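*Asks:* Before I ask anything, let me first share the structure, which is written out below as structure tokens.
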Amino acid sequence: MSDAQPDLSHDQHAVRRQKLAELRAAGTDPFRASFTPTHSSAQALRAHVAGQDYTVAAAVGGRLVTIRDMGKSQFVKILDQDGQIQLYLKRDVVGEAAYAAFKRLDLGDIIGAEGTLFVTKSGEITLKVDRFVLLAKALRPLPEKWHGLSDPEQVYRQRYLDVIVNAESRARLLLRPRIVSHIRRFLEDRRFLELETPVLEATPGGAAARPFKTHHNALGADFFLRIATELRLKRMLVGGFDRVFEIGRIFRNEGVSRKHNPEFTMLEVYEAYSDYRGMMRLVRELLESLVRDVVRPADGSLRLRHAPSGQDIDFGAPWREVRYKDLIREATGDADWFARSKADKIAGAERLGLGVNPAWEEFEITNEIFSKRIEPTLIQPTFVTHLPRELCPLAKLTADDPSTIDVFELIIGGMEVAPAYSEQNDPDVQREMFERQAGEERQNIDQDFLLALEHGMPPAGGMGIGIDRLCILLTGAESIRDVILFPQLRPGAT
RNA sequence: GGGUCGAUAGCUCAAUGGUAGAGCAGCGUCCUUUUAAGUCGUUGGUUCUGGGUUCGAAUCCCAGUCGACCCA
């Protein structure tokens with residue numbers, strides 16, 4: 001009768017499955033238990049009354065992330081959405097059988113516990129446990145407790161582990177919903193309506209980008225995933241919805257990089273009877289309030305550390321406003337840049353160390369200088385205004401210089417954060433701009449949008465903010481992947 | 001799409017052509033106020049995959065998979 005059992009003590013998955021089997025054999029199924037917390041961890045910590053230990057009762061639930069077994073008593077910590085709280089178990093309190101059962105728990109198990117709050121010798125508010133219940137058995141071990149999880153692939157594919165063991169990831173990814181929530185409240189407080197417009201579109205428009213294509217079977221038609229929400233929202237300006245916004249998922253079938261994910265989130269805001277200058281005030285108030293009320297720098301200022309440049313970005317100081325053409329003249333050292341020939345511009349770009357494709361249009365050569373040599377240097381909040389008209393067909397032409405448009409591009413930390421326009425509402429000019437941009441591909445013009453404009457769209461200011469990039473800025477993240485829960489990766493084995 | 005770098009125990013990392021190791025986690029013991037708890041002992045490997053070179057490959061070469069960074 002001495003069948004040698006294989007030693008599975010090294011196989012944590014097998015050990016945990018064995019523990020689960022034992023529990024079930026004894027008549028308890030952790031996955032069928034129920035438990036209702038009375039407090040989150042943070043609420044429980046706040047509920048403790050100084051000097052009155054063991055008087056306030058609380059029930060908390062969460063994942064076991066620390067176990068300190070001291071023989072006949074244990075200190076453990078559980079993690080819930082709000083954070084961690086320490087639990088203290090004594091054999092004398094919970095009883096012999098329950099204490100033995102507690103010792104069978106593993107890091108990662110999800111439990112509920114009720115008891116009373118007290119302060120330990122070292123000053124930590126702790127729940128002295130009277131009763132506990134296992135609510136979910138973790139069959140897989142957690143990553144290492146001190147170094148956390150650092151393999152980037154596993155961080156992205158198994159984000160749930162990242163946020164359990166990496167406090168920085170957790171804080172960063174918890175900040176994003178608070179940022180989005182603040183934006184909604186900010187806009188709703190100013191009478192903006194949040195609209196929802198289609199993701200599937202017959203004609204993708206509102207931006208220059210390659211779309212994803214899909215097919216609707218019942219309609220027998222190809223559709224594209226939207227590349228912007230602009231043209232839909234403007235239709236609603238025509239409809240008399242004066243202040244509208246959408247926080248929407250946008251899809252662009254382009255490269256993946258530290259600043260690009262194929263799907264990302266864009267805020268677009270439109271305000272009738274306003275213009276790009278109104279959008280300046282709006283975006284500045286929005287960003288200042290986000291820094292002040294959501295990020296809350298520890299020193300009470302409106303300064304955020306910008307690691308790549310080593311500077312502090314000061315949202316409280318005056319924001320620079322400068323014309324695009326002036327920045328180009330400054331960067332090239334050529335006051336007559338815009339009067340130069342294309343050959344001169346190519347030579348000028350090359351003097352700045354930029355390789356340019358001779359097939360490019362002149363404005364593209366100039367814009368290469370802007371995006372490679374100017375934009376990265378604009379760390380403090382900067383409104384770059386009056387961009388060349390070719391860069392955006394949806395904005396109003398500047399009254400005294402029809403080669404530019406009434407727009408700004410807000411640059412912060414060397415990154416485009418928010419473009420905004422005085423929206424083009426002249427249907428004839430809009431049609432001409434579309435046709436010039438579309439060239440041979442006129443079938444891509446959104447005729448239905450032009451029809452809407454002919455019904456009359458009020459003058460309006462509009463603005464777009466890339467939420468992901470905004471989160472990069474506000475959280476000090478290095479990559480868009482750090483502010484997206486599940487960034488796009490190649491399908492692969494987890 | 002191109003270039004560079006990487007993949008070793010559940011996790012974080014060593015081992016630079018010659019017996020694959022450590023810390024944490026796990027398993028077993030001691031400990032009733034711990035803070036990366038401490039203590040004694042101990043298990044654990046398809047070295048990403050497939051070829052090749054070699055007496056011998058985690059290590060060198062080729063191809064592939066996945067990832068990171070840079071460039072387009």
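Scheme for the structure tokens: letters A, B, ... for chains in order shown; per-chain residue numbers from 1; ligand numbers from 1 in order shown.
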I want to know what sits within 8 Å of Gly206 of chain A, based on only C-alpha atoms (C1' of nucleotides), with residues of the same chain fewer than 6 positions away left out; could you give that as an NGL selection string?
*Replies:* :A and (227-231 or 394)
*Asks:* Which chain A residues have any atom within 7 Å of an atom of chain B, and for each, what is the nearest pair of atoms with distance in Å to one decimal, counting only C-alpha atoms (C1' of nucleotides), rows sorted by chain and number, as JSON lines?
*Replies:*
{"residue": "A:Ser9", "atom": "CA", "partner": "B:C27", "partner_atom": "C1'", "distance": 4.9}
{"residue": "A:His10", "atom": "CA", "partner": "B:G44", "partner_atom": "C1'", "distance": 4.8}
{"residue": "A:Gln12", "atom": "CA", "partner": "B:G26", "partner_atom": "C1'", "distance": 5.9}
{"residue": "A:Arg68", "atom": "CA", "partner": "B:U34", "partner_atom": "C1'", "distance": 6.5}
{"residue": "A:Met70", "atom": "CA", "partner": "B:C31", "partner_atom": "C1'", "distance": 5.6}
{"residue": "A:Gly71", "atom": "CA", "partner": "B:C31", "partner_atom": "C1'", "distance": 5.4}
{"residue": "A:Lys72", "atom": "CA", "partner": "B:U32", "partner_atom": "C1'", "distance": 5.2}
{"residue": "A:Ser73", "atom": "CA", "partner": "B:U32", "partner_atom": "C1'", "distance": 5.0}
{"residue": "A:Phe75", "atom": "CA", "partner": "B:U34", "partner_atom": "C1'", "distance": 6.0}
{"residue": "A:Lys90", "atom": "CA", "partner": "B:U32", "partner_atom": "C1'", "distance": 6.6}
{"residue": "A:Thr120", "atom": "CA", "partner": "B:U33", "partner_atom": "C1'", "distance": 5.8}
{"residue": "A:Lys121", "atom": "CA", "partner": "B:U33", "partner_atom": "C1'", "distance": 5.8}
{"residue": "A:Pro141", "atom": "CA", "partner": "B:G10", "partner_atom": "C1'", "distance": 6.0}
{"residue": "A:Pro143", "atom": "CA", "partner": "B:C11", "partner_atom": "C1'", "distance": 4.3}
{"residue": "A:Glu144", "atom": "CA", "partner": "B:C11", "partner_atom": "C1'", "distance": 4.4}
{"residue": "A:Lys145", "atom": "CA", "partner": "B:C24", "partner_atom": "C1'", "distance": 7.0}
{"residue": "A:Trp146", "atom": "CA", "partner": "B:A36", "partner_atom": "C1'", "distance": 6.2}
{"residue": "A:His147", "atom": "CA", "partner": "B:U12", "partner_atom": "C1'", "distance": 5.8}
{"residue": "A:Leu149", "atom": "CA", "partner": "B:C11", "partner_atom": "C1'", "distance": 6.8}
{"residue": "A:Glu153", "atom": "CA", "partner": "B:G67", "partner_atom": "C1'", "distance": 5.8}
{"residue": "A:Gly492", "atom": "CA", "partner": "B:C66", "partner_atom": "C1'", "distance": 6.8}
*Asks:* Any chance you could export the current selection's C-alpha atoms as an mmCIF file, in the first residue's frame?
*Replies:*
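part.cif, freshly written:
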data_model
loop_
_atom_site.group_PDB
_atom_site.id
_atom_site.type_symbol
_atom_site.label_atom_id
_atom_site.label_comp_id
_atom_site.auth_asym_id
_atom_site.auth_seq_id
_atom_site.Cartn_x
_atom_site.Cartn_y
_atom_site.Cartn_z
ATOM 1 C CA SER A 9 4.688 20.578 -4.345
ATOM 2 C CA HIS A 10 6.620 22.551 -6.955
ATOM 3 C CA GLN A 12 1.616 25.663 -7.834
ATOM 4 C CA ARG A 68 2.340 37.079 7.050
ATOM 5 C CA MET A 70 2.965 34.073 12.543
ATOM 6 C CA GLY A 71 1.920 30.663 13.751
ATOM 7 C CA LYS A 72 -1.211 31.175 15.768
ATOM 8 C CA SER A 73 -2.037 34.526 14.201
ATOM 9 C CA PHE A 75 -1.480 39.488 9.229
ATOM 10 C CA LYS A 90 -6.129 35.049 15.649
ATOM 11 C CA THR A 120 -1.722 47.945 15.397
ATOM 12 C CA LYS A 121 1.382 48.740 17.425
ATOM 13 C CA PRO A 141 -0.052 32.139 -8.605
ATOM 14 C CA PRO A 143 3.620 37.406 -10.085
ATOM 15 C CA GLU A 144 6.426 38.170 -7.664
ATOM 16 C CA LYS A 145 5.465 40.551 -4.886
ATOM 17 C CA TRP A 146 8.425 42.912 -4.869
ATOM 18 C CA HIS A 147 9.446 43.295 -8.515
ATOM 19 C CA LEU A 149 5.357 41.951 -13.411
ATOM 20 C CA GLU A 153 4.085 41.431 -23.297
ATOM 21 C CA GLY A 492 -0.410 35.151 -29.811
#
*Asks:* Show me, as a PyMOL selection string, the residues that have an atom within 8 Å of segment 92-95 of chain A when counting only C-alpha atoms (C1' of nucleotides), minus same-chain residues fewer than 5 positions from it.
*Replies:* chain A and resi 129-131
*Asks:* Considering only C-alpha atoms (C1' of nucleotides), return as a list in words whatever protein or nucleic-acid residues lie within 8 Å of segment 368-381 of chain A, sequence-local ones (same chain, fewer than 6 positions apart) excluded.
*Replies:*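 Using only C-alpha atoms (C1' of nucleotides), the neighbours found are Ser309, Gln311, Ile313, Asp314, Phe315, Trp319, Arg320, Leu327, Ile328, Ala331, Ala349, Leu352, Leu354, Val356, Leu410, Ile411, Ile412, Gly413, Gly414, Met415 and Glu416 of chain A.
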*Asks:* Identify, on the basis of only C-alpha atoms (C1' of nucleotides), every residue whose closest approach to Asn357 of chain A does not exceed 9 Å; exclude the query and any residue fewer than 3 positions from it along the same chain; express the result as a list in words.
*Replies:*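 With the cut-off at 9 Å, the set is Ile346, Trp360 and Ile365 of chain A.
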*Asks:* Using only C-alpha atoms, please write the residues we just selected to a file, as a short mmCIF file (atom, residue, chain, number, x, y, z; two decimals), in the first residue's frame.
*Replies:*
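Output file result20.cif follows:
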data_model
loop_
_atom_site.label_atom_id
_atom_site.label_comp_id
_atom_site.auth_asym_id
_atom_site.auth_seq_id
_atom_site.Cartn_x
_atom_site.Cartn_y
_atom_site.Cartn_z
CA ILE A 346 13.56 71.33 -50.37
CA TRP A 360 5.63 66.14 -51.89
CA ILE A 365 7.67 69.98 -47.08
#
*Asks:* For Ile247 of chain A, find every residue with an atom within 8 Å (counting only C-alpha atoms (C1' of nucleotides)), except residues of its own chain fewer than 3 positions away, and show them as a PDB file with N, CA, C and O atoms, in the first residue's frame.
*Replies:*
ATOM      1  N   GLU A 194     -23.885  65.044 -24.618  1.00  0.00           N
ATOM      2  CA  GLU A 194     -23.071  63.943 -25.119  1.00  0.00           C
ATOM      3  C   GLU A 194     -23.892  63.118 -26.105  1.00  0.00           C
ATOM      4  O   GLU A 194     -24.924  62.549 -25.756  1.00  0.00           O
ATOM      5  N   THR A 265      -9.271  56.786 -28.429  1.00  0.00           N
ATOM      6  CA  THR A 265     -10.458  57.510 -28.004  1.00  0.00           C
ATOM      7  C   THR A 265     -10.291  58.991 -28.257  1.00  0.00           C
ATOM      8  O   THR A 265      -9.274  59.581 -27.890  1.00  0.00           O
ATOM      9  N   MET A 266     -11.289  59.569 -28.896  1.00  0.00           N
ATOM     10  CA  MET A 266     -11.218  60.987 -29.237  1.00  0.00           C
ATOM     11  C   MET A 266     -12.423  61.713 -28.648  1.00  0.00           C
ATOM     12  O   MET A 266     -13.551  61.233 -28.741  1.00  0.00           O
ATOM     13  N   LEU A 267     -12.124  62.838 -28.037  1.00  0.00           N
ATOM     14  CA  LEU A 267     -13.200  63.758 -27.658  1.00  0.00           C
ATOM     15  C   LEU A 267     -13.348  64.777 -28.773  1.00  0.00           C
ATOM     16  O   LEU A 267     -12.356  65.397 -29.179  1.00  0.00           O
ATOM     17  N   GLU A 268     -14.561  64.937 -29.282  1.00  0.00           N
ATOM     18  CA  GLU A 268     -14.820  66.053 -30.196  1.00  0.00           C
ATOM     19  C   GLU A 268     -15.929  66.898 -29.606  1.00  0.00           C
ATOM     20  O   GLU A 268     -16.931  66.378 -29.106  1.00  0.00           O
TER      21      GLU A 268
END
*Asks:* According to DSSP computed on the backbone, where in segment 245-435 of chain A is there alpha helix (DSSP H)? Give the residues as JSON, numbers by chain.
*Replies:* {"A": [276, 277, 278, 279, 280, 281, 282, 283, 284, 285, 286, 287, 288, 289, 324, 325, 326, 327, 328, 329, 330, 331, 332, 342, 343, 344, 345, 346, 347, 348, 349, 350, 351, 362, 363, 364, 365, 366, 367, 368, 369, 427, 428, 429, 430, 431, 432, 433, 434, 435]}
*Asks:* Do you know which residues are at most 10 Å from U29 of chain B counting only C-alpha atoms (C1' of nucleotides), after dropping those on the same chain fewer than 6 positions away, and could you put them as a list of chain:residue names?
*Replies:*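 Here the qualifying residues turn out to be B:U39, B:C40, B:G41.
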*Asks:* Would you mind exporting N, CA and C atoms (P, O5', C5', C4', C3', O3' and C1' of nucleotides) of the selected residues as a compact mmCIF listing (two decimals), in the first residue's frame?
*Replies:*
# COMPACT_ATOMS: atom_id res chain seq x y z
P U B 39 15.69 35.29 8.64
O5' U B 39 15.31 34.03 9.51
C5' U B 39 15.80 33.90 10.82
C4' U B 39 15.37 32.59 11.42
C3' U B 39 15.70 31.35 10.59
O3' U B 39 17.05 30.96 10.74
C1' U B 39 13.47 31.21 11.35
P C B 40 17.94 30.56 9.46
O5' C B 40 17.65 29.01 9.37
C5' C B 40 18.08 28.15 10.42
C4' C B 40 17.35 26.84 10.34
C3' C B 40 17.38 26.15 8.99
O3' C B 40 18.61 25.52 8.71
C1' C B 40 15.19 26.07 9.86
P G B 41 19.15 25.45 7.20
O5' G B 41 18.15 24.41 6.53
C5' G B 41 18.24 23.04 6.87
C4' G B 41 17.02 22.28 6.40
C3' G B 41 16.83 22.15 4.90
O3' G B 41 17.71 21.20 4.32
C1' G B 41 14.76 22.63 5.90
*Asks:* Using atom CA of Glu350 of chain A and atom CA of Tyr324 of chain A as the two end points, give the distance in Å to one decimal.
*Replies:*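 Spanning atom CA of Glu350 of chain A to atom CA of Tyr324 of chain A is a straight-line distance of 19.7 Å.
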*Asks:* Rank nothing, just name the residue among A:Ala395, A:Ile125, A:Ile467, A:Ala298 nearest to Gln84 of chain A, using only C-alpha atoms.
*Replies:*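 Closest residue, counting only C-alpha atoms: A:Ile125.
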*Asks:* Return as a ChimeraX atom specification the full set of residues in segment 148-215 of chain A whose backbone-based DSSP assignment is strand (DSSP E or B).
*Replies:* /A:193-194,200-201,213-215
*Asks:* I need the residue nearest Arg258 of chain A from this list: A:Glu196, A:Arg63, A:Ile480, A:Leu485. Use only C-alpha atoms for the distance.
*Replies:*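 That would be A:Ile480, the residue with the smallest distance to Arg258 of chain A.
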*Asks:* For each of A:Leu107, A:Ala202, A:Val256, A:Met463, take the minimum atom-to-atom distance to Pro487 of chain A, counting only C-alpha atoms, then give the residue where this is smallest.
*Replies:*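 Of A:Leu107, A:Ala202, A:Val256, A:Met463, the one nearest Pro487 of chain A, counting only C-alpha atoms, is A:Val256.
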